[in-house]
file target-v3.pdb (PDB, C-alpha atoms)
ATOM      1  CA  MET A   1      45.854 -38.615 -26.718
ATOM      2  CA  GLU A   2      42.438 -38.580 -28.353
ATOM      3  CA  ASP A   3      39.379 -39.591 -26.428
ATOM      4  CA  PRO A   4      38.495 -43.086 -27.737
ATOM      5  CA  ARG A   5      34.805 -42.444 -27.136
ATOM      6  CA  PRO A   6      33.027 -41.169 -30.246
ATOM      7  CA  ARG A   7      31.457 -37.750 -29.882
ATOM      8  CA  ILE A   8      28.193 -38.885 -31.374
ATOM      9  CA  PRO A   9      24.798 -38.380 -29.651
ATOM     10  CA  HIS A  10      22.845 -41.402 -28.583
ATOM     11  CA  ASN A  11      20.800 -42.896 -31.362
ATOM     12  CA  ASN A  12      17.290 -41.967 -30.200
ATOM     13  CA  LYS A  13      14.662 -39.735 -31.745
ATOM     14  CA  PHE A  14      15.039 -36.974 -29.165
ATOM     15  CA  LYS A  15      18.794 -36.504 -29.476
ATOM     16  CA  GLN A  16      18.759 -37.112 -33.205
ATOM     17  CA  GLN A  17      15.997 -34.485 -33.557
ATOM     18  CA  GLN A  18      13.677 -36.920 -35.267
ATOM     19  CA  LEU A  19      10.578 -36.402 -33.113
ATOM     20  CA  ASP A  20       7.298 -36.111 -34.930
ATOM     21  CA  GLY A  21       6.216 -32.499 -35.394
ATOM     22  CA  TRP A  22       2.757 -30.988 -35.234
ATOM     23  CA  GLN A  23       1.748 -27.577 -36.482
ATOM     24  CA  PRO A  24      -1.814 -26.461 -35.773
ATOM     25  CA  ILE A  25      -3.654 -24.889 -38.678
ATOM     26  CA  ALA A  26      -6.057 -22.103 -37.781
ATOM     27  CA  THR A  27      -9.386 -22.822 -39.428
ATOM     28  CA  PRO A  28     -12.633 -20.981 -38.673
ATOM     29  CA  THR A  29     -13.996 -23.969 -36.787
ATOM     30  CA  ASN A  30     -11.132 -24.665 -34.405
ATOM     31  CA  THR A  31     -10.512 -20.917 -33.930
ATOM     32  CA  VAL A  32     -14.091 -20.425 -32.747
ATOM     33  CA  ILE A  33     -13.827 -23.463 -30.451
ATOM     34  CA  VAL A  34     -10.574 -22.262 -28.836
ATOM     35  CA  LEU A  35     -11.854 -18.707 -28.352
ATOM     36  CA  ALA A  36     -15.118 -20.009 -26.895
ATOM     37  CA  LEU A  37     -13.268 -22.213 -24.406
ATOM     38  CA  VAL A  38     -10.941 -19.391 -23.370
ATOM     39  CA  GLY A  39     -13.885 -16.997 -23.074
ATOM     40  CA  ALA A  40     -15.849 -19.476 -20.952
ATOM     41  CA  PHE A  41     -12.824 -19.934 -18.657
ATOM     42  CA  LEU A  42     -12.333 -16.170 -18.239
ATOM     43  CA  LEU A  43     -16.066 -15.680 -17.697
ATOM     44  CA  ALA A  44     -16.010 -18.257 -14.906
ATOM     45  CA  ILE A  45     -13.000 -16.593 -13.262
ATOM     46  CA  GLY A  46     -14.624 -13.155 -13.574
ATOM     47  CA  GLY A  47     -17.846 -14.468 -12.071
ATOM     48  CA  LEU A  48     -15.943 -15.997  -9.151
ATOM     49  CA  ILE A  49     -14.107 -12.736  -8.460
ATOM     50  CA  THR A  50     -17.290 -10.656  -8.748
ATOM     51  CA  ASP A  51     -19.183 -13.001  -6.432
ATOM     52  CA  SER A  52     -16.320 -12.858  -3.947
ATOM     53  CA  ASN A  53     -16.404  -9.054  -4.037
ATOM     54  CA  LEU A  54     -20.135  -8.975  -3.405
ATOM     55  CA  GLN A  55     -19.637 -10.981  -0.216
ATOM     56  CA  LEU A  56     -17.186  -8.469   1.236
ATOM     57  CA  LYS A  57     -18.581  -5.675   3.400
ATOM     58  CA  GLU A  58     -17.032  -2.315   4.045
ATOM     59  CA  VAL A  59     -17.836   0.969   5.747
ATOM     60  CA  SER A  60     -16.292   4.250   4.629
ATOM     61  CA  LYS A  61     -16.589   7.820   5.841
ATOM     62  CA  ARG A  62     -15.206  10.971   4.256
ATOM     63  CA  TYR A  63     -13.827  13.237   6.959
ATOM     64  CA  ASP A  64     -12.002  16.163   5.339
ATOM     65  CA  GLN A  65     -15.351  18.020   5.221
ATOM     66  CA  ILE A  66     -15.969  17.223   8.897
ATOM     67  CA  CYS A  67     -12.518  17.773  10.383
ATOM     68  CA  GLN A  68     -10.838  21.125   9.907
ATOM     69  CA  GLU A  69      -7.329  20.786   8.507
ATOM     70  CA  ASN A  70      -4.843  21.620  11.240
ATOM     71  CA  VAL A  71      -1.609  22.107   9.310
ATOM     72  CA  ALA A  72       0.051  23.893  12.236
ATOM     73  CA  ALA A  73      -0.364  20.758  14.382
ATOM     74  CA  SER A  74       1.996  18.805  12.151
ATOM     75  CA  LEU A  75       4.730  21.267  13.130
ATOM     76  CA  ASN A  76       3.735  21.621  16.775
ATOM     77  CA  PRO A  77       2.014  18.545  18.306
ATOM     78  CA  SER A  78       0.821  20.609  21.287
ATOM     79  CA  MET A  79      -1.550  22.440  18.913
ATOM     80  CA  THR A  80      -3.287  19.245  17.803
ATOM     81  CA  SER A  81      -7.095  19.315  17.898
ATOM     82  CA  VAL A  82      -9.091  16.095  17.872
ATOM     83  CA  CYS A  83     -12.049  15.481  15.587
ATOM     84  CA  ASN A  84     -14.466  12.594  16.202
ATOM     85  CA  VAL A  85     -15.936  10.746  13.220
ATOM     86  CA  THR A  86     -18.576   8.024  13.651
ATOM     87  CA  MET A  87     -18.768   5.006  11.356
ATOM     88  CA  GLN A  88     -22.094   3.176  11.599
ATOM     89  CA  ILE A  89     -21.911  -0.601  11.131
ATOM     90  CA  THR A  90     -24.954  -1.516   9.009
ATOM     91  CA  GLU A  91     -24.152  -5.237   8.534
ATOM     92  CA  ASP A  92     -22.397  -7.926  10.544
ATOM     93  CA  MET A  93     -18.680  -7.888   9.746
ATOM     94  CA  GLU A  94     -16.582 -10.966  10.499
ATOM     95  CA  ASN A  95     -12.823 -11.291  10.614
ATOM     96  CA  ASN A  96     -12.123 -14.593   8.878
ATOM     97  CA  SER A  97      -8.877 -12.759   8.216
ATOM     98  CA  PRO A  98      -8.041  -9.551  10.090
ATOM     99  CA  MET A  99     -10.032  -6.672   8.628
ATOM    100  CA  ARG A 100      -8.289  -3.603   7.256
ATOM    101  CA  PHE A 101      -8.620  -0.066   8.564
ATOM    102  CA  SER A 102      -7.262   2.254   5.879
ATOM    103  CA  TYR A 103      -7.209   5.892   4.883
ATOM    104  CA  GLU A 104      -8.177   6.854   1.346
ATOM    105  CA  LEU A 105      -6.992   9.846  -0.672
ATOM    106  CA  SER A 106      -8.480  11.059  -3.946
ATOM    107  CA  ASN A 107      -7.101  13.257  -6.724
ATOM    108  CA  TYR A 108      -3.580  12.544  -5.471
ATOM    109  CA  TYR A 109      -1.209  11.513  -8.275
ATOM    110  CA  GLN A 110       1.546   9.549  -6.577
ATOM    111  CA  ASN A 111       2.456   8.160  -9.995
ATOM    112  CA  TYR A 112       3.447  11.589 -11.342
ATOM    113  CA  ARG A 113       6.884  11.002 -12.855
ATOM    114  CA  ARG A 114       8.795  13.808 -11.152
ATOM    115  CA  TYR A 115       7.197  12.969  -7.810
ATOM    116  CA  VAL A 116       7.701   9.203  -7.837
ATOM    117  CA  LYS A 117      11.344   9.499  -8.978
ATOM    118  CA  SER A 118      12.213  11.944  -6.193
ATOM    119  CA  ARG A 119      13.556   9.365  -3.737
ATOM    120  CA  SER A 120      16.806   7.503  -3.091
ATOM    121  CA  ASP A 121      16.261   3.787  -2.584
ATOM    122  CA  TRP A 122      19.971   3.502  -1.793
ATOM    123  CA  GLN A 123      19.650   5.930   1.087
ATOM    124  CA  LEU A 124      16.516   4.180   2.370
ATOM    125  CA  ALA A 125      18.240   0.783   2.316
ATOM    126  CA  ASP A 126      21.462   2.179   3.865
ATOM    127  CA  VAL A 127      23.679   1.237   0.928
ATOM    128  CA  THR A 128      26.090   3.352  -1.074
ATOM    129  CA  GLY A 129      24.363   5.234  -3.848
ATOM    130  CA  PRO A 130      23.384   8.656  -5.178
ATOM    131  CA  THR A 131      20.953  11.089  -3.557
ATOM    132  CA  ASP A 132      20.862  13.674  -6.355
ATOM    133  CA  ILE A 133      17.817  11.883  -7.810
ATOM    134  CA  CYS A 134      15.875  13.297  -4.834
ATOM    135  CA  THR A 135      15.790  16.680  -6.601
ATOM    136  CA  PRO A 136      14.165  19.107  -5.809
ATOM    137  CA  LEU A 137      14.351  18.031  -2.157
ATOM    138  CA  GLU A 138      17.805  16.507  -1.883
ATOM    139  CA  THR A 139      19.247  19.116   0.486
ATOM    140  CA  PHE A 140      17.884  21.804   2.790
ATOM    141  CA  ASP A 141      19.421  24.633   4.790
ATOM    142  CA  ASN A 142      17.782  24.753   8.219
ATOM    143  CA  GLY A 143      20.121  27.430   9.505
ATOM    144  CA  ALA A 144      23.214  25.295  10.000
ATOM    145  CA  GLY A 145      24.203  25.131   6.343
ATOM    146  CA  SER A 146      22.904  23.035   3.464
ATOM    147  CA  ARG A 147      22.637  19.365   4.411
ATOM    148  CA  THR A 148      21.253  16.237   2.802
ATOM    149  CA  LEU A 149      17.747  15.426   3.936
ATOM    150  CA  TYR A 150      17.355  12.052   5.626
ATOM    151  CA  PRO A 151      15.173  10.743   4.092
ATOM    152  CA  CYS A 152      15.317  12.904   0.968
ATOM    153  CA  GLY A 153      12.844  13.426  -1.835
ATOM    154  CA  LEU A 154       9.295  14.581  -2.485
ATOM    155  CA  VAL A 155       7.692  11.248  -1.555
ATOM    156  CA  ALA A 156       9.274  11.171   1.902
ATOM    157  CA  SER A 157       8.633  14.865   2.584
ATOM    158  CA  SER A 158       4.929  14.550   1.671
ATOM    159  CA  PHE A 159       4.300  11.751   4.194
ATOM    160  CA  PHE A 160       0.642  11.443   5.259
ATOM    161  CA  ASN A 161       0.593  12.467   8.931
ATOM    162  CA  ASP A 162      -3.056  12.192   9.998
ATOM    163  CA  THR A 163      -3.427   9.884  13.012
ATOM    164  CA  PHE A 164      -6.364   7.750  14.130
ATOM    165  CA  VAL A 165      -7.557   6.257  17.424
ATOM    166  CA  ALA A 166     -10.608   3.963  17.238
ATOM    167  CA  PHE A 167     -13.291   3.165  19.818
ATOM    168  CA  HIS A 168     -15.706   0.251  19.390
ATOM    169  CA  CYS A 169     -19.195   1.064  20.680
ATOM    170  CA  PRO A 170     -21.448  -2.038  20.670
ATOM    171  CA  SER A 171     -25.182  -1.400  20.579
ATOM    172  CA  GLY A 172     -26.374  -0.821  24.157
ATOM    173  CA  ALA A 173     -22.887  -1.136  25.683
ATOM    174  CA  PRO A 174     -20.097   1.309  26.613
ATOM    175  CA  CYS A 175     -17.345   2.175  24.157
ATOM    176  CA  THR A 176     -13.953   0.445  24.307
ATOM    177  CA  ARG A 177     -10.747   1.814  22.872
ATOM    178  CA  LEU A 178      -9.177  -0.540  20.337
ATOM    179  CA  ASP A 179      -5.523  -1.339  20.962
ATOM    180  CA  GLN A 180      -3.062  -4.186  20.579
ATOM    181  CA  SER A 181      -4.806  -6.208  23.312
ATOM    182  CA  ASN A 182      -8.213  -6.294  21.607
ATOM    183  CA  GLY A 183      -7.546  -6.529  17.896
ATOM    184  CA  TRP A 184      -6.040  -3.194  16.787
ATOM    185  CA  GLN A 185      -2.827  -4.351  15.097
ATOM    186  CA  ARG A 186      -0.489  -1.521  14.101
ATOM    187  CA  GLN A 187       2.501  -3.827  13.604
ATOM    188  CA  GLY A 188       2.973  -5.829  10.420
ATOM    189  CA  ILE A 189       1.046  -3.448   8.140
ATOM    190  CA  SER A 190       3.946  -3.109   5.682
ATOM    191  CA  TRP A 191       5.549  -5.733   3.463
ATOM    192  CA  ARG A 192       8.095  -7.860   5.316
ATOM    193  CA  SER A 193      10.569  -7.576   2.435
ATOM    194  CA  ASP A 194      10.354  -3.785   2.708
ATOM    195  CA  ARG A 195      10.953  -3.813   6.469
ATOM    196  CA  ASP A 196      13.849  -6.275   6.290
ATOM    197  CA  LYS A 197      15.702  -5.079   3.195
ATOM    198  CA  LYS A 198      14.480  -1.798   1.717
ATOM    199  CA  PHE A 199      14.044   0.488   4.746
ATOM    200  CA  ILE A 200      17.000   0.266   7.108
ATOM    201  CA  ALA A 201      17.332   3.074   9.662
ATOM    202  CA  ARG A 202      20.711   4.312  10.877
ATOM    203  CA  PRO A 203      22.048   7.277  12.900
ATOM    204  CA  LEU A 204      22.263  10.655  11.198
ATOM    205  CA  ARG A 205      25.569  11.560   9.589
ATOM    206  CA  ALA A 206      27.287  14.905  10.048
ATOM    207  CA  ASP A 207      26.233  16.133   6.612
ATOM    208  CA  GLU A 208      22.557  15.095   7.016
ATOM    209  CA  THR A 209      19.477  16.532   8.687
ATOM    210  CA  ASP A 210      16.099  15.087   9.614
ATOM    211  CA  ILE A 211      14.445  18.517   9.743
ATOM    212  CA  GLY A 212      12.757  19.419   6.489
ATOM    213  CA  PRO A 213      11.316  22.632   5.029
ATOM    214  CA  ASN A 214       9.598  24.994   7.492
ATOM    215  CA  GLY A 215      11.115  23.059  10.387
ATOM    216  CA  PHE A 216       9.009  19.999   9.548
ATOM    217  CA  PRO A 217      10.453  16.871  11.238
ATOM    218  CA  LEU A 218      10.978  14.020   8.790
ATOM    219  CA  THR A 219       9.557  10.598   9.644
ATOM    220  CA  PRO A 220      11.990   7.828  10.723
ATOM    221  CA  ILE A 221      12.767   5.475   7.864
ATOM    222  CA  ASP A 222      11.794   2.320   9.761
ATOM    223  CA  ASP A 223       8.353   3.673  10.738
ATOM    224  CA  GLU A 224       5.772   1.274   9.273
ATOM    225  CA  ASP A 225       3.351   4.061   8.305
ATOM    226  CA  PHE A 226       6.214   5.659   6.385
ATOM    227  CA  ILE A 227       7.062   2.366   4.665
ATOM    228  CA  VAL A 228       3.421   1.946   3.588
ATOM    229  CA  TRP A 229       3.343   5.521   2.265
ATOM    230  CA  MET A 230       6.550   5.078   0.252
ATOM    231  CA  ARG A 231       5.003   2.292  -1.845
ATOM    232  CA  ALA A 232       3.567   4.630  -4.484
ATOM    233  CA  ALA A 233       0.028   4.100  -5.783
ATOM    234  CA  GLY A 234      -0.685   3.807  -9.497
ATOM    235  CA  LEU A 235      -4.092   5.537  -9.510
ATOM    236  CA  PRO A 236      -5.185   8.973  -8.223
ATOM    237  CA  THR A 237      -7.644   7.434  -5.738
ATOM    238  CA  PHE A 238      -5.958   4.948  -3.433
ATOM    239  CA  ARG A 239      -6.016   3.409   0.014
ATOM    240  CA  LYS A 240      -3.148   2.885   2.432
ATOM    241  CA  LEU A 241      -3.360   0.403   5.291
ATOM    242  CA  TYR A 242      -3.244   2.028   8.740
ATOM    243  CA  SER A 243      -4.111  -0.909  10.998
ATOM    244  CA  LYS A 244      -5.368  -4.475  10.917
ATOM    245  CA  VAL A 245      -8.495  -5.130  12.995
ATOM    246  CA  ASP A 246      -8.767  -8.657  14.386
ATOM    247  CA  ARG A 247     -12.302  -8.653  15.822
ATOM    248  CA  ASN A 248     -15.941  -8.867  14.748
ATOM    249  CA  PHE A 249     -18.517  -6.091  14.478
ATOM    250  CA  ALA A 250     -22.271  -6.592  14.724
ATOM    251  CA  LYS A 251     -25.025  -4.721  12.932
ATOM    252  CA  GLY A 252     -25.860  -1.591  14.913
ATOM    253  CA  ASP A 253     -22.373  -1.153  16.380
ATOM    254  CA  ARG A 254     -20.508   2.112  15.972
ATOM    255  CA  LEU A 255     -16.835   2.797  15.411
ATOM    256  CA  ILE A 256     -15.867   6.233  16.705
ATOM    257  CA  VAL A 257     -12.533   7.400  15.304
ATOM    258  CA  GLN A 258     -10.590  10.260  16.868
ATOM    259  CA  ILE A 259      -8.653  11.954  14.082
ATOM    260  CA  ASN A 260      -5.834  14.470  14.122
ATOM    261  CA  SER A 261      -6.469  15.982  10.689
ATOM    262  CA  ASN A 262      -3.087  17.495   9.847
ATOM    263  CA  TYR A 263      -2.707  16.650   6.154
ATOM    264  CA  PRO A 264      -4.023  19.322   3.748
ATOM    265  CA  VAL A 265      -5.972  18.141   0.704
ATOM    266  CA  SER A 266      -7.779  21.345  -0.291
ATOM    267  CA  PRO A 267      -4.779  22.712  -2.292
ATOM    268  CA  PHE A 268      -5.159  19.881  -4.836
ATOM    269  CA  SER A 269      -8.971  19.545  -4.533
ATOM    270  CA  GLY A 270      -8.618  16.124  -2.953
ATOM    271  CA  SER A 271     -10.545  14.284  -0.275
ATOM    272  CA  LYS A 272      -9.747  12.117   2.748
ATOM    273  CA  SER A 273     -11.742   9.125   3.957
ATOM    274  CA  ILE A 274     -11.400   6.288   6.438
ATOM    275  CA  VAL A 275     -12.415   2.755   5.446
ATOM    276  CA  LEU A 276     -13.088  -0.414   7.438
ATOM    277  CA  GLU A 277     -13.248  -3.443   5.137
ATOM    278  CA  GLU A 278     -13.342  -7.212   5.250
ATOM    279  CA  VAL A 279     -10.735  -9.228   3.375
ATOM    280  CA  ASN A 280     -10.743 -12.633   1.702
ATOM    281  CA  TRP A 281      -8.464 -14.712  -0.518
ATOM    282  CA  MET A 282      -8.085 -11.653  -2.789
ATOM    283  CA  ASN A 283      -7.028  -9.574   0.250
ATOM    284  CA  GLY A 284      -9.717  -6.946  -0.362
ATOM    285  CA  LYS A 285     -12.533  -5.730  -2.571
ATOM    286  CA  ASN A 286     -11.542  -5.190  -6.199
ATOM    287  CA  GLU A 287     -14.503  -4.055  -8.293
ATOM    288  CA  PHE A 288     -12.363  -3.568 -11.405
ATOM    289  CA  LEU A 289     -10.764  -7.004 -11.790
ATOM    290  CA  GLY A 290     -13.973  -9.056 -12.115
ATOM    291  CA  PRO A 291     -15.492  -7.184 -15.105
ATOM    292  CA  LEU A 292     -12.047  -6.968 -16.696
TER     293      LEU A 292
END
call {"tool": "encode", "arguments": {"input": "target-v3.pdb", "output": "structure tokens"}}
result
Amino acid sequence: MEDPRPRIPHNNKFKQQQLDGWQPIATPTNTVIVLALVGAFLLAIGGLITDSNLQLKEVSKRYDQICQENVAASLNPSMTSVCNVTMQITEDMENNSPMRFSYELSNYYQNYRRYVKSRSDWQLADVTGPTDICTPLETFDNGAGSRTLYPCGLVASSFFNDTFVAFHCPSGAPCTRLDQSNGWQRQGISWRSDRDKKFIARPLRADETDIGPNGFPLTPIDDEDFIVWMRAAGLPTFRKLYSKVDRNFAKGDRLIVQINSNYPVSPFSGSKSIVLEEVNWMNGKNEFLGPL
């Protein structure tokens, strides 16, 4: 039986497609006006970002020229030698949001195609998927036969393994080691989505090994420093968050950092630095975005 209701749209301008149309015509006058308004808006945004950057304070110190690279220590922790680097606080630094203590590498191309593709996101997330994309570091024979590296790939095997311990030395007062109880926050430095979904640790399988080339122990997948490292940088000079610092520093204070300098940068003519920086609504200083 046919539906007695007519299949005709309601008689209104919208459903009958009878709405009035408007097509702007680009004339020299209105083109100049629109471009001027857009330019003024972008100029205001750029000025706001630049002004915000100028209000942020940071202290950085290059340390690869101060600390001798101790590559052997990364294989044998008992051989670790400690290097002390002093960061002088020249302005008051306030933690409206927790400050960031980061390490900075230069001349390091994490965005190199062969390097950045040498990882298995399936393996990292503990889901079924291929590992052959980890070439040339998919498998390794450590004396017990060739086994799949866990985690595999160039990115995982080149993990940055320098470590830092900070001491706050107020002017005219003794030094205090920074830890979880007084503002040194090593937890929560990675993205929550990465921790919860993309980096899921599990026990080793029979056909896997967590010992890499030269007997180098691979970092656990759920280690937050490892998770931060695995988020590849797009530029050759980049910073990676090592700790949040939830405390204030006054002008004249010193931050003494004990560093185990294990990561070699001389083979690629790079440099290593440590950076203490304030953050704001932009999360950190960005000198490029404002002028852009």
call {"tool": "residues_around", "arguments": {"input": "target-v3.pdb", "residues": "Met87 (chain A)", "least_positions_apart": "2", "cutoff": "7 Å", "atoms": "only C-alpha atoms", "output": "ChimeraX atom specification"}}
result
/A:59,61,85,89,254-256
call {"tool": "residues_around", "arguments": {"input": "target-v3.pdb", "residues": "Tyr63 (chain A)", "least_positions_apart": "3", "cutoff": "9 Å", "atoms": "all atoms listed in the file", "output": "CSV table (one decimal) with C-alpha atoms, keeping the file's coordinate frame"}}
result
chain,number,residue,atom,x,y,z
A,66,ILE,CA,-16.0,17.2,8.9
A,67,CYS,CA,-12.5,17.8,10.4
A,68,GLN,CA,-10.8,21.1,9.9
A,85,VAL,CA,-15.9,10.7,13.2
A,259,ILE,CA,-8.7,12.0,14.1
A,261,SER,CA,-6.5,16.0,10.7
A,271,SER,CA,-10.5,14.3,-0.3
A,272,LYS,CA,-9.7,12.1,2.7
A,273,SER,CA,-11.7,9.1,4.0
A,274,ILE,CA,-11.4,6.3,6.4
call {"tool": "resolve_selection", "arguments": {"input": "target-v3.pdb", "expression": "the PyMOL selection byres ((chain A and resi 164-181) around 8)", "output": "list in words"}}
result
Asp162, Thr163, Asn182, Gly183, Trp184, Gln185, Arg186, Phe249, Ala250, Gly252, Asp253, Arg254, Leu255, Ile256, Val257, Gln258, Ile259 and Asn260 of chain A
call {"tool": "resolve_selection", "arguments": {"input": "target-v3.pdb", "expression": "the PyMOL selection byres ((chain A and resi 90-95) around 8)", "output": "list in words"}}
result
Lys57, Gln88, Ile89, Asn96, Ser97, Pro98, Met99, Val245, Asp246, Arg247, Asn248, Phe249, Ala250, Lys251, Gly252, Asp253, Glu278 and Val279 of chain A
call {"tool": "residues_around", "arguments": {"input": "target-v3.pdb", "residues": "Phe159 (chain A)", "least_positions_apart": "4", "cutoff": "12 Å", "atoms": "only C-alpha atoms", "output": "list in words"}}
result
Ser74, Gln110, Pro151, Cys152, Gly153, Leu154, Val155, Thr163, Gly212, Phe216, Pro217, Leu218, Thr219, Pro220, Ile221, Asp223, Glu224, Asp225, Phe226, Ile227, Val228, Trp229, Met230, Arg231, Ala232, Lys240, Asn262, Tyr263 and Pro264 of chain A
call {"tool": "atom_distance", "arguments": {"input": "target-v3.pdb", "atom1": "CA of Gly129 (chain A)", "atom2": "CA of Asp194 (chain A)"}}
result
17.9 Å
call {"tool": "resolve_selection", "arguments": {"input": "target-v3.pdb", "expression": "the PyMOL selection byres ((chain A and resi 115) around 10)", "output": "list in words"}}
result
Tyr109, Gln110, Asn111, Tyr112, Arg113, Arg114, Val116, Lys117, Ser118, Arg119, Cys134, Thr135, Pro136, Gly153, Leu154, Val155, Ser158 and Ala232 of chain A
call {"tool": "residues_near_point", "arguments": {"input": "target-v3.pdb", "point": "(-10.3, 3.4, 8.6)", "cutoff": "8 Å", "atoms": "all atoms listed in the file", "output": "ChimeraX atom specification"}}
result
/A:60,100-103,242-243,273-276
call {"tool": "atom_distance", "arguments": {"input": "target-v3.pdb", "atom1": "CA of Glu208 (chain A)", "atom2": "CA of Leu149 (chain A)"}}
result
5.7 Å
call {"tool": "atom_distance", "arguments": {"input": "target-v3.pdb", "atom1": "CA of Gly188 (chain A)", "atom2": "CA of Gly270 (chain A)"}}
result
28.2 Å
call {"tool": "closest_residue", "arguments": {"input": "target-v3.pdb", "among": "A:Ile211, A:Asn107, A:Asn283, A:Ser146", "to": "Pro267 (chain A)", "atoms": "all atoms listed in the file"}}
result
A:Asn107
call {"tool": "closest_residue", "arguments": {"input": "target-v3.pdb", "among": "A:Lys285, A:Leu105, A:Arg147, A:Ile49", "to": "Asp207 (chain A)", "atoms": "only C-alpha atoms"}}
result
A:Arg147
call {"tool": "closest_residue", "arguments": {"input": "target-v3.pdb", "among": "A:Thr31, A:Gly143, A:Gly284, A:Val265", "to": "Asp64 (chain A)", "atoms": "all atoms listed in the file"}}
result
A:Val265
call {"tool": "axis_aligned_box", "arguments": {"input": "target-v3.pdb", "around": "region 253-265 of chain A", "padding_each_side": "6 Å", "output": "AutoDock Vina command-line options"}}
result
--center_x -12.5 --center_y 9.1 --center_z 8.8 --size_x 31.7 --size_y 32.5 --size_z 28.2
call {"tool": "decode", "arguments": {"input": "target-v3.pdb", "residues": "region 41-46 of chain A", "atoms": "all heavy atoms", "output": "PDB file, in the first residue's frame"}}
result
ATOM      1  N   PHE A  41      44.835  42.166  12.606  1.00  0.00           N
ATOM      2  CA  PHE A  41      44.548  41.092  13.567  1.00  0.00           C
ATOM      3  C   PHE A  41      45.791  40.233  13.810  1.00  0.00           C
ATOM      4  O   PHE A  41      46.147  39.935  14.962  1.00  0.00           O
ATOM      5  CB  PHE A  41      43.401  40.234  13.042  1.00  0.00           C
ATOM      6  CG  PHE A  41      43.109  39.024  13.877  1.00  0.00           C
ATOM      7  CD1 PHE A  41      42.451  39.138  15.091  1.00  0.00           C
ATOM      8  CD2 PHE A  41      43.500  37.764  13.451  1.00  0.00           C
ATOM      9  CE1 PHE A  41      42.188  38.027  15.872  1.00  0.00           C
ATOM     10  CE2 PHE A  41      43.240  36.641  14.220  1.00  0.00           C
ATOM     11  CZ  PHE A  41      42.586  36.777  15.433  1.00  0.00           C
ATOM     12  N   LEU A  42      46.475  39.836  12.728  1.00  0.00           N
ATOM     13  CA  LEU A  42      47.679  39.015  12.887  1.00  0.00           C
ATOM     14  C   LEU A  42      48.794  39.786  13.577  1.00  0.00           C
ATOM     15  O   LEU A  42      49.559  39.222  14.360  1.00  0.00           O
ATOM     16  CB  LEU A  42      48.141  38.524  11.512  1.00  0.00           C
ATOM     17  CG  LEU A  42      47.201  37.557  10.784  1.00  0.00           C
ATOM     18  CD1 LEU A  42      47.769  37.193   9.418  1.00  0.00           C
ATOM     19  CD2 LEU A  42      46.975  36.300  11.615  1.00  0.00           C
ATOM     20  N   LEU A  43      48.890  41.079  13.300  1.00  0.00           N
ATOM     21  CA  LEU A  43      49.907  41.905  13.961  1.00  0.00           C
ATOM     22  C   LEU A  43      49.656  41.968  15.463  1.00  0.00           C
ATOM     23  O   LEU A  43      50.586  41.900  16.272  1.00  0.00           O
ATOM     24  CB  LEU A  43      49.907  43.308  13.353  1.00  0.00           C
ATOM     25  CG  LEU A  43      51.001  44.268  13.855  1.00  0.00           C
ATOM     26  CD1 LEU A  43      52.370  43.738  13.484  1.00  0.00           C
ATOM     27  CD2 LEU A  43      50.797  45.663  13.257  1.00  0.00           C
ATOM     28  N   ALA A  44      48.385  42.084  15.841  1.00  0.00           N
ATOM     29  CA  ALA A  44      48.052  42.119  17.270  1.00  0.00           C
ATOM     30  C   ALA A  44      48.387  40.788  17.940  1.00  0.00           C
ATOM     31  O   ALA A  44      48.947  40.759  19.053  1.00  0.00           O
ATOM     32  CB  ALA A  44      46.572  42.449  17.443  1.00  0.00           C
ATOM     33  N   ILE A  45      48.051  39.681  17.279  1.00  0.00           N
ATOM     34  CA  ILE A  45      48.375  38.362  17.834  1.00  0.00           C
ATOM     35  C   ILE A  45      49.881  38.180  17.946  1.00  0.00           C
ATOM     36  O   ILE A  45      50.404  37.695  18.961  1.00  0.00           O
ATOM     37  CB  ILE A  45      47.759  37.240  16.976  1.00  0.00           C
ATOM     38  CG1 ILE A  45      46.229  37.323  17.005  1.00  0.00           C
ATOM     39  CG2 ILE A  45      48.221  35.873  17.458  1.00  0.00           C
ATOM     40  CD1 ILE A  45      45.627  37.098  18.362  1.00  0.00           C
ATOM     41  N   GLY A  46      50.625  38.567  16.901  1.00  0.00           N
ATOM     42  CA  GLY A  46      52.081  38.461  16.938  1.00  0.00           C
ATOM     43  C   GLY A  46      52.692  39.308  18.035  1.00  0.00           C
ATOM     44  O   GLY A  46      53.630  38.886  18.718  1.00  0.00           O
TER      45      GLY A  46
END
